[in-house]
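Undergrad: Dumping the structure here so I can ask a few things about it.
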Amino acid sequence: MIITYRNPQDHQDFIDVHFDITNNDFCNRWKTQLKHLLVQNYHLEKNYCFLGFAQSPRDVDYLCDKINDAIFQINRFNTYNKWQIAGLDPYHIDDHFTKDSVMYNESFGVGHAIHGDQKTNLGLCLKHDAMNRLHRYFEDLQGEAWGLSEYYKVADFETKYAIRQLNDLCHELESYVLSLRKSVLEPQWQRPSQIMTWLQAPRQNLQPQDFNLFEQNSFDRELGGVYLHWAQIGKTHIEVFRDEDGAPVDDVVCSTINALKYYTGEFDIEWGKDVTQATAPWHTQEQQQFNAWLKQNGFDPDDPELALGYIKIGHCNLQKSFGTDDQYKIWSTLSKHLDVYKITIDDVENTFDYVWSQPDFKQKQIDIMMPGYNHSSKK
């Protein structure tokens, strides 16, 4: 597989990045789904693609502005009383997101916790309460892949788009803040990544044997690794464990956790430093703590259907693509080319000649989503 990246500020500046895809039954089925997305010209989601690049123009201020735009649209639709006419309670989001509301500023000190006190040196740390609120708004309004919320069904097209943006922007903001802090405190541990999703990508049920692949790779991530995208709504077990700092969770929090049931032709690329149990002892320790937390909260860490981990699909040929395996040089090159222009796999390719910064990008997405919006609308 080859991904051609473009410099969004110089449309004549391209780089080709080469990936070796694993040859097994699941990956072959995954390739079939990716080829379908390319052949049928599905719309690549470019405003939720590159996460955790600390030099990205989509910074905290930009992302908070977009979140507030989405909230404004949702609240405006609430004033039309269409939800109430449909028998639903009003849904007004009394929240406003700013840099100070989502992260601690540098005056709190940017450094490691002092004597294990997690309330020290909080500078540039994410405020998880704000992010949990934002994700809860999305879950209330969107529902789940197998059970859409009545709020979503009744909403008009622009409000459906706004609801979806709450989720995308929440995760993008979390990744950005994490990398921003790491760029100051521990630059080698920045976590840039790439999320390759398509609007309305068709889902396939994972087959029973597929779940063993989660255990094989577990939660290891490698620089240049290609992993199956999480193609459904809801937080993973490991996300909740980390958000709650390993503390027990109540039934409300547990209800937000969903084991993966589906796969698509979508995928994620890890551009951060390797985090594997073979190379990072702290990662092994975290997995041990995570397994204990699972048991404490009534989950069986040996149950393959919990989908605990990431299915690895392939790996970037770093030397062929970048002429180096030095993460800083790779980040420097990628940071100048944060736009996917073309994807080629076997004898199939497609070009995506549009960027999120274009004024009409939002309307293009809404237009493309209209068939799905119509299908999900309550008649």
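For the structure tokens, the naming scheme is as follows: chains receive sequential letters (A, B, ...) according to their order of presentation, residues are indexed from 1 within each chain, and ligands are indexed from 1 in presentation order.
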May I have the residues within 8 Å of range 80-93 of chain A as a list of chain:residue names, using only C-alpha atoms and disregarding those fewer than 6 positions away in the same chain?
TA: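 Returned residues: A:Ile71, A:Ile74, A:Tyr137, A:Glu150, A:Tyr151, A:Val154, A:Ala155.
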Undergrad: Report the residues of range 203-376 of chain A whose backbone DSSP state falls under alpha helix (DSSP H), written as a PyMOL selection string.
TA: chain A and resi 212-217+237-243+251-254+281-296+318-322+327-335+361-376
Undergrad: Name the residues in contact with Glu174 in chain A at a cut-off of 8 Å, using only C-alpha atoms, excluding same-chain residues fewer than 3 positions from it; report them as a PyMOL selection string.
TA: chain A and resi 126+131+170-171+177-178
Undergrad: Need to verify the contact set: range 201-205 of chain A, 6 Å, only C-alpha atoms, exclusion of same-chain residues closer than 6 positions in sequence. Can you return it as a list in words?
TA: Tyr262, Tyr263 and Thr264 of chain A
Undergrad: For the selection you just gave me, I'd like the residues written to a file as a PDB file, in the first residue's frame, keeping N, CA and C atoms.
TA:
```pdb
ATOM      1  N   TYR A 262     -17.281  -4.716  15.082  1.00  0.00           N
ATOM      2  CA  TYR A 262     -17.267  -4.552  13.635  1.00  0.00           C
ATOM      3  C   TYR A 262     -15.858  -4.238  13.120  1.00  0.00           C
ATOM      4  N   TYR A 263     -15.691  -4.428  11.821  1.00  0.00           N
ATOM      5  CA  TYR A 263     -14.507  -3.909  11.154  1.00  0.00           C
ATOM      6  C   TYR A 263     -14.934  -3.279   9.836  1.00  0.00           C
ATOM      7  N   THR A 264     -14.119  -2.367   9.358  1.00  0.00           N
ATOM      8  CA  THR A 264     -14.311  -1.707   8.067  1.00  0.00           C
ATOM      9  C   THR A 264     -12.973  -1.721   7.342  1.00  0.00           C
TER      10      THR A 264
END
```
Undergrad: Can you work out the spacing between CA of Glu158 in chain A and CA of Ile366 in chain A in Å, to one decimal?
TA: 7.1 Å
